[in-house]
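*Asks:* Take this structure first; my questions come after.
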Amino acid sequence: MKNTRTRNAVVTLAVGLALNISLGVLKFVAGLLAGSNSVTSDGINNLSDAAVSVVTIISTVLAARSADHDHPYGHGRYEYIATLLLGAVIIAVGAEVLFGGIERSISPEPVEHSALMFAALGVSIAVKLIMAVMYVVRGRAARSDTMRAAAVDSFSDAAVTTAVLICAMIEMYTGFIIDGYASIAVSVVILVMGLRIVKRTVSRLLGERPDAALFAEVTRIITSCPLVISVHDLMINDYGETYKTAEADAVFDSRLPFTEVHGACDAIEREVREVTGVRLCLHADPLQSDDERLAALRERVDGAVAAFGATAHDIEIHDDENTVTLDIAVTSDKCPTDEMIGIVSATVRAMLPSFTVNVGIDHV
C-alpha cells in the first residue's frame, strides 16, 4: 500500500516537474524577447515550482522509508521539513520578483507584444489547469496532502498568468504601461503562497489538532465496543502521511474481569489499525458504578461542565487525604477554564465541604 502510494505520488510529481520546467523556459524566453518583466517573473515562478517539485520528489521517497532502530516512528516528517525549506525559497523568490516589479514601475519601459508572448501565456494557463485537475484526482486517490497542495499551487498559477495576460492586452490596446504593477501582483501571490506553506508546515511540526474526520472515526470505533462506556483523552500524533499514532482512555465497568477488558482493548486497537492505519494504544479506566457517593458526585460535576461543552472524567475521591481529583476535557480554546474550574470546585465542595479539589484541564 505504502509503496503503491509512493510510486503514484512520485510519477505524478515528476510529470508536474517536467511541465513546470517546460513552461518556465517558454515564458522566460518569451518575456525576454518581448521585454516583459511580468512574463519573465511568471516564468521564474514556474522554475521555482520546478525546484519545489524536485525536492518534493526526493522528500516523498525519503518519507516512505520504513521505521528503523533510530527512527521507530518512521521517516514521514522528511516531507514536512523539506516543505518548510521550500516555503522559505518561495518567499525569497517572491521578494526578488517584488523588488524587480517596483523598479519597473518607477522606470517603466514599453513592452513589445508578440504572438509568441501571448501564445506562451495561453499555453501556460491551459497546462496549469490540466496540472491542477491531475493533482486533484491523483491526490484524492492517494490521500496525499502534498498533491492537494500542488493542485492549489497550479490553480493559483493559472489565475496569476491570466492576470498577466489581461494586463498585457490592456497595455497593447490602451498604451498604459502596467507591466511593473503586474509583476508586483505576481510577487504578492508568490509571497502569500510561501508564507502559507511555512505557516502550515510549522503548525504540523509543532503538533496540531488532528483531522476532525479521523478523530471522529477513531472515536466511533472505540465506542462501538459494547464494553466501553465512554472514551476520553484521545490524542493523535502525526509522524507523516502514512504513520500516525494515537492514545486514548476508554472507560470500562470496574467489575469486569481483567482478561476481558484486555481482550477488548486489543480488538479495538486492531480494528483502528485496519480501518484508519493509526497505531492506537488504549488505556482502560475502571468505573466504580456501585459507589453511590462517587456516582452522585460524577452526576453533579457532569451537569456543571455541560454548559461549557466540556466533559469530566477520572473523578476520584481520596478519603485518606480529603482530596477530590478530576480532569475536564475542553474542545474549544474559547472555553473560560478559570471560571469553569471555580464552578466545578464549588460543586464538589457543596457535597464534600472539607475536601480539597484538584482539577486538571485536557485540551482535546
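For the C-alpha cells, the naming scheme is as follows: chains receive sequential letters (A, B, ...) according to their order of presentation, residues are indexed from 1 within each chain, and ligands are indexed from 1 in presentation order.
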Would you kindly return, as a ChimeraX atom specification, each protein, DNA or RNA residue with an atom no farther than 12 Å from any atom of Ala163 of chain A, considering only C-alpha atoms and excluding same-chain residues fewer than 5 positions away?

*Replies:* /A:38-39,42,121-122,125,156-158,168-170,178-179,181-186,189

*Asks:* In segment 24-270 of chain A, what's alpha helix (DSSP H) per DSSP? Answer as a PyMOL selection string?

*Replies:* chain A and resi 24-34+37-63+78-106+115-142+145-174+179-206+212-223+258-270

*Asks:* What gap, in Å, lies between atom CA of Leu62 of chain A and atom CA of Ala151 of chain A?

*Replies:*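 Taking atom CA of Leu62 of chain A as the start and atom CA of Ala151 of chain A as the end point, the length is 21.9 Å.
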
*Asks:* Please determine, counting only C-alpha atoms, which residue among A:Ala18, A:Ala350, A:Val359, A:Ile81 has the shortest atom-to-atom distance to Asp338 of chain A.

*Replies:*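 Smallest separation from Asp338 of chain A among the options: A:Val359.
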
*Asks:* Which residues come within 12 Å of Val55 of chain A, counting only C-alpha atoms, excluding same-chain residues fewer than 4 positions away, as an MDAnalysis selection string?

*Replies:* chainID A and resid 10 13:14 17 48:51 59:63 78:87 89 146

*Asks:* Could you please take those selected residues and save N, CA and C atoms as a compact mmCIF listing (two decimals), in the first residue's frame?

*Replies:*
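Result file is part19.txt:
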```txt
# COMPACT_ATOMS: atom_id res chain seq x y z
N VAL A 10 5.19 9.91 -6.77
CA VAL A 10 6.42 10.29 -7.47
C VAL A 10 6.18 10.48 -8.96
N LEU A 13 4.23 13.76 -9.43
CA LEU A 13 5.09 14.92 -9.20
C LEU A 13 6.15 15.06 -10.29
N ALA A 14 6.62 13.95 -10.84
CA ALA A 14 7.61 14.00 -11.93
C ALA A 14 6.99 14.61 -13.19
N LEU A 17 6.85 18.20 -12.58
CA LEU A 17 8.19 18.78 -12.72
C LEU A 17 8.51 19.08 -14.18
N SER A 48 10.70 28.09 -10.12
CA SER A 48 10.74 27.83 -8.68
C SER A 48 9.82 26.67 -8.33
N ASP A 49 8.70 26.56 -9.05
CA ASP A 49 7.81 25.41 -8.85
C ASP A 49 8.53 24.11 -9.23
N ALA A 50 9.36 24.19 -10.27
CA ALA A 50 10.12 23.01 -10.68
C ALA A 50 11.10 22.60 -9.58
N ALA A 51 11.75 23.58 -8.97
CA ALA A 51 12.67 23.28 -7.87
C ALA A 51 11.91 22.66 -6.70
N SER A 59 11.90 14.19 -1.08
CA SER A 59 11.37 14.04 0.28
C SER A 59 10.29 12.97 0.34
N THR A 60 9.50 12.82 -0.75
CA THR A 60 8.47 11.79 -0.78
C THR A 60 9.09 10.40 -0.73
N VAL A 61 10.19 10.22 -1.46
CA VAL A 61 10.89 8.93 -1.44
C VAL A 61 11.49 8.66 -0.07
N LEU A 62 12.14 9.68 0.52
CA LEU A 62 12.74 9.50 1.85
C LEU A 62 11.67 9.25 2.91
N ALA A 63 10.53 9.95 2.79
CA ALA A 63 9.46 9.81 3.79
C ALA A 63 8.85 8.42 3.77
N TYR A 78 10.22 13.83 6.97
CA TYR A 78 11.11 14.37 5.94
C TYR A 78 10.34 15.32 5.03
N GLU A 79 9.13 14.91 4.69
CA GLU A 79 8.31 15.71 3.79
C GLU A 79 7.99 17.07 4.38
N TYR A 80 7.72 17.13 5.69
CA TYR A 80 7.39 18.39 6.34
C TYR A 80 8.62 19.31 6.41
N ILE A 81 9.78 18.73 6.74
CA ILE A 81 10.99 19.54 6.83
C ILE A 81 11.36 20.11 5.46
N ALA A 82 11.28 19.26 4.43
CA ALA A 82 11.58 19.74 3.07
C ALA A 82 10.61 20.82 2.65
N THR A 83 9.35 20.67 2.98
CA THR A 83 8.35 21.66 2.61
C THR A 83 8.62 22.99 3.30
N LEU A 84 9.10 22.94 4.54
CA LEU A 84 9.44 24.17 5.25
C LEU A 84 10.57 24.91 4.55
N LEU A 85 11.59 24.19 4.13
CA LEU A 85 12.70 24.81 3.40
C LEU A 85 12.23 25.39 2.07
N LEU A 86 11.36 24.66 1.41
CA LEU A 86 10.86 25.13 0.12
C LEU A 86 10.01 26.38 0.28
N GLY A 87 9.26 26.45 1.36
CA GLY A 87 8.48 27.66 1.62
C GLY A 87 9.38 28.88 1.75
N VAL A 89 12.32 29.22 0.33
CA VAL A 89 12.83 29.52 -1.01
C VAL A 89 11.79 30.30 -1.81
N THR A 146 0.37 16.51 -0.09
CA THR A 146 1.35 17.14 -0.98
C THR A 146 0.74 17.45 -2.34
```

*Asks:* What's around Arg273 of chain A at 12 Å? Count only C-alpha atoms, leave out sequence neighbours fewer than 4 positions away in its own chain, and write the answer as a list of chain:residue names.

*Replies:* A:Leu214, A:Glu217, A:Val218, A:Ile221, A:Ile222, A:Thr242, A:Tyr243, A:Lys244, A:Thr245, A:Ala246, A:Asp266, A:Ala267, A:Ile268, A:Glu269, A:Gly277, A:Val278, A:Arg279, A:Leu280, A:Cys281

*Asks:* Could you turn the residues from that selection into a file that holds all heavy atoms, as a short mmCIF file (atom, residue, chain, number, x, y, z; two decimals), in the first residue's frame?

*Replies:*
```cif
data_model
loop_
_atom_site.label_atom_id
_atom_site.label_comp_id
_atom_site.auth_asym_id
_atom_site.auth_seq_id
_atom_site.Cartn_x
_atom_site.Cartn_y
_atom_site.Cartn_z
N LEU A 214 -10.86 11.98 10.95
CA LEU A 214 -10.07 10.88 11.52
C LEU A 214 -10.35 10.74 13.01
O LEU A 214 -10.51 9.62 13.53
CB LEU A 214 -8.58 11.12 11.28
CG LEU A 214 -7.62 10.08 11.85
CD1 LEU A 214 -7.87 8.72 11.24
CD2 LEU A 214 -6.16 10.51 11.62
N GLU A 217 -13.68 9.09 13.46
CA GLU A 217 -13.68 7.67 13.09
C GLU A 217 -13.03 6.81 14.17
O GLU A 217 -13.55 5.73 14.52
CB GLU A 217 -12.95 7.48 11.76
CG GLU A 217 -12.88 6.05 11.26
CD GLU A 217 -14.23 5.45 10.93
OE1 GLU A 217 -15.25 6.19 10.95
OE2 GLU A 217 -14.30 4.23 10.67
N VAL A 218 -11.91 7.26 14.73
CA VAL A 218 -11.26 6.51 15.79
C VAL A 218 -12.18 6.46 17.02
O VAL A 218 -12.32 5.40 17.66
CB VAL A 218 -9.91 7.15 16.17
CG1 VAL A 218 -9.30 6.45 17.39
CG2 VAL A 218 -8.93 7.07 15.00
N ILE A 221 -14.97 3.90 16.44
CA ILE A 221 -14.54 2.50 16.56
C ILE A 221 -14.40 2.11 18.03
O ILE A 221 -14.82 1.02 18.45
CB ILE A 221 -13.21 2.29 15.81
CG1 ILE A 221 -13.42 2.48 14.30
CG2 ILE A 221 -12.66 0.89 16.09
CD1 ILE A 221 -12.14 2.46 13.51
N ILE A 222 -13.83 3.00 18.84
CA ILE A 222 -13.65 2.68 20.27
C ILE A 222 -14.99 2.53 20.97
O ILE A 222 -15.23 1.55 21.70
CB ILE A 222 -12.81 3.78 20.96
CG1 ILE A 222 -11.40 3.84 20.35
CG2 ILE A 222 -12.72 3.51 22.46
CD1 ILE A 222 -10.57 4.99 20.87
N THR A 242 1.73 8.60 6.24
CA THR A 242 1.46 7.16 6.34
C THR A 242 1.75 6.58 7.72
O THR A 242 1.68 5.37 7.90
CB THR A 242 2.28 6.38 5.29
OG1 THR A 242 3.67 6.63 5.51
CG2 THR A 242 1.91 6.81 3.89
N TYR A 243 2.10 7.41 8.69
CA TYR A 243 2.38 6.88 10.03
C TYR A 243 1.84 7.84 11.08
O TYR A 243 2.35 8.94 11.27
CB TYR A 243 3.88 6.68 10.24
CG TYR A 243 4.18 5.80 11.44
CD1 TYR A 243 4.49 4.45 11.29
CD2 TYR A 243 4.14 6.31 12.73
CE1 TYR A 243 4.75 3.64 12.38
CE2 TYR A 243 4.40 5.51 13.83
CZ TYR A 243 4.71 4.18 13.65
OH TYR A 243 4.95 3.37 14.73
N LYS A 244 0.79 7.39 11.75
CA LYS A 244 0.19 8.17 12.83
C LYS A 244 -0.04 7.25 14.03
O LYS A 244 -0.40 6.08 13.87
CB LYS A 244 -1.14 8.80 12.39
CG LYS A 244 -0.99 9.90 11.34
CD LYS A 244 -2.33 10.46 10.92
CE LYS A 244 -2.16 11.67 10.01
NZ LYS A 244 -1.45 11.36 8.78
N THR A 245 0.21 7.77 15.20
CA THR A 245 -0.04 7.01 16.42
C THR A 245 -1.12 7.74 17.23
O THR A 245 -1.36 8.93 17.03
CB THR A 245 1.23 6.88 17.28
OG1 THR A 245 1.64 8.19 17.72
CG2 THR A 245 2.35 6.23 16.48
N ALA A 246 -1.76 7.00 18.12
CA ALA A 246 -2.80 7.60 18.95
C ALA A 246 -2.82 6.92 20.31
O ALA A 246 -2.36 5.78 20.47
CB ALA A 246 -4.16 7.46 18.27
N ASP A 266 -7.37 -4.94 22.95
CA ASP A 266 -6.61 -5.48 21.82
C ASP A 266 -7.44 -5.48 20.54
O ASP A 266 -6.96 -5.11 19.45
CB ASP A 266 -6.14 -6.90 22.12
CG ASP A 266 -4.89 -6.93 22.97
OD1 ASP A 266 -4.30 -5.85 23.18
OD2 ASP A 266 -4.50 -8.02 23.44
N ALA A 267 -8.70 -5.89 20.65
CA ALA A 267 -9.58 -5.94 19.48
C ALA A 267 -9.82 -4.55 18.92
O ALA A 267 -9.83 -4.35 17.70
CB ALA A 267 -10.90 -6.60 19.86
N ILE A 268 -10.00 -3.57 19.81
CA ILE A 268 -10.21 -2.18 19.36
C ILE A 268 -8.97 -1.65 18.66
O ILE A 268 -9.05 -1.01 17.61
CB ILE A 268 -10.59 -1.29 20.57
CG1 ILE A 268 -11.96 -1.68 21.10
CG2 ILE A 268 -10.57 0.18 20.16
CD1 ILE A 268 -12.31 -1.00 22.42
N GLU A 269 -7.81 -1.90 19.23
CA GLU A 269 -6.56 -1.42 18.64
C GLU A 269 -6.35 -2.01 17.24
O GLU A 269 -5.92 -1.30 16.32
CB GLU A 269 -5.38 -1.77 19.54
CG GLU A 269 -5.35 -0.97 20.83
CD GLU A 269 -4.31 -1.47 21.81
OE1 GLU A 269 -3.74 -2.57 21.58
OE2 GLU A 269 -4.06 -0.77 22.81
N GLY A 277 -5.40 2.95 9.75
CA GLY A 277 -3.95 2.95 9.64
C GLY A 277 -3.25 3.54 10.84
O GLY A 277 -2.02 3.63 10.88
N VAL A 278 -4.01 3.96 11.85
CA VAL A 278 -3.44 4.59 13.04
C VAL A 278 -3.08 3.52 14.07
O VAL A 278 -3.87 2.62 14.36
CB VAL A 278 -4.45 5.60 13.65
CG1 VAL A 278 -3.91 6.15 14.98
CG2 VAL A 278 -4.72 6.73 12.68
N ARG A 279 -1.88 3.63 14.64
CA ARG A 279 -1.46 2.72 15.72
C ARG A 279 -1.99 3.28 17.04
O ARG A 279 -1.49 4.28 17.56
CB ARG A 279 0.06 2.62 15.78
CG ARG A 279 0.68 1.82 14.64
CD ARG A 279 2.19 1.81 14.78
NE ARG A 279 2.82 0.94 13.79
CZ ARG A 279 3.11 -0.33 13.98
NH1 ARG A 279 2.82 -0.89 15.15
NH2 ARG A 279 3.70 -1.04 13.05
N LEU A 280 -2.99 2.62 17.60
CA LEU A 280 -3.64 3.09 18.82
C LEU A 280 -3.13 2.33 20.04
O LEU A 280 -2.98 1.10 20.00
CB LEU A 280 -5.16 2.92 18.71
CG LEU A 280 -5.98 3.19 19.97
CD1 LEU A 280 -5.89 4.66 20.36
CD2 LEU A 280 -7.42 2.76 19.78
N CYS A 281 -2.86 3.06 21.12
CA CYS A 281 -2.56 2.46 22.41
C CYS A 281 -3.71 2.86 23.34
O CYS A 281 -3.87 4.04 23.66
CB CYS A 281 -1.23 2.96 22.95
SG CYS A 281 -0.80 2.28 24.57
#
```
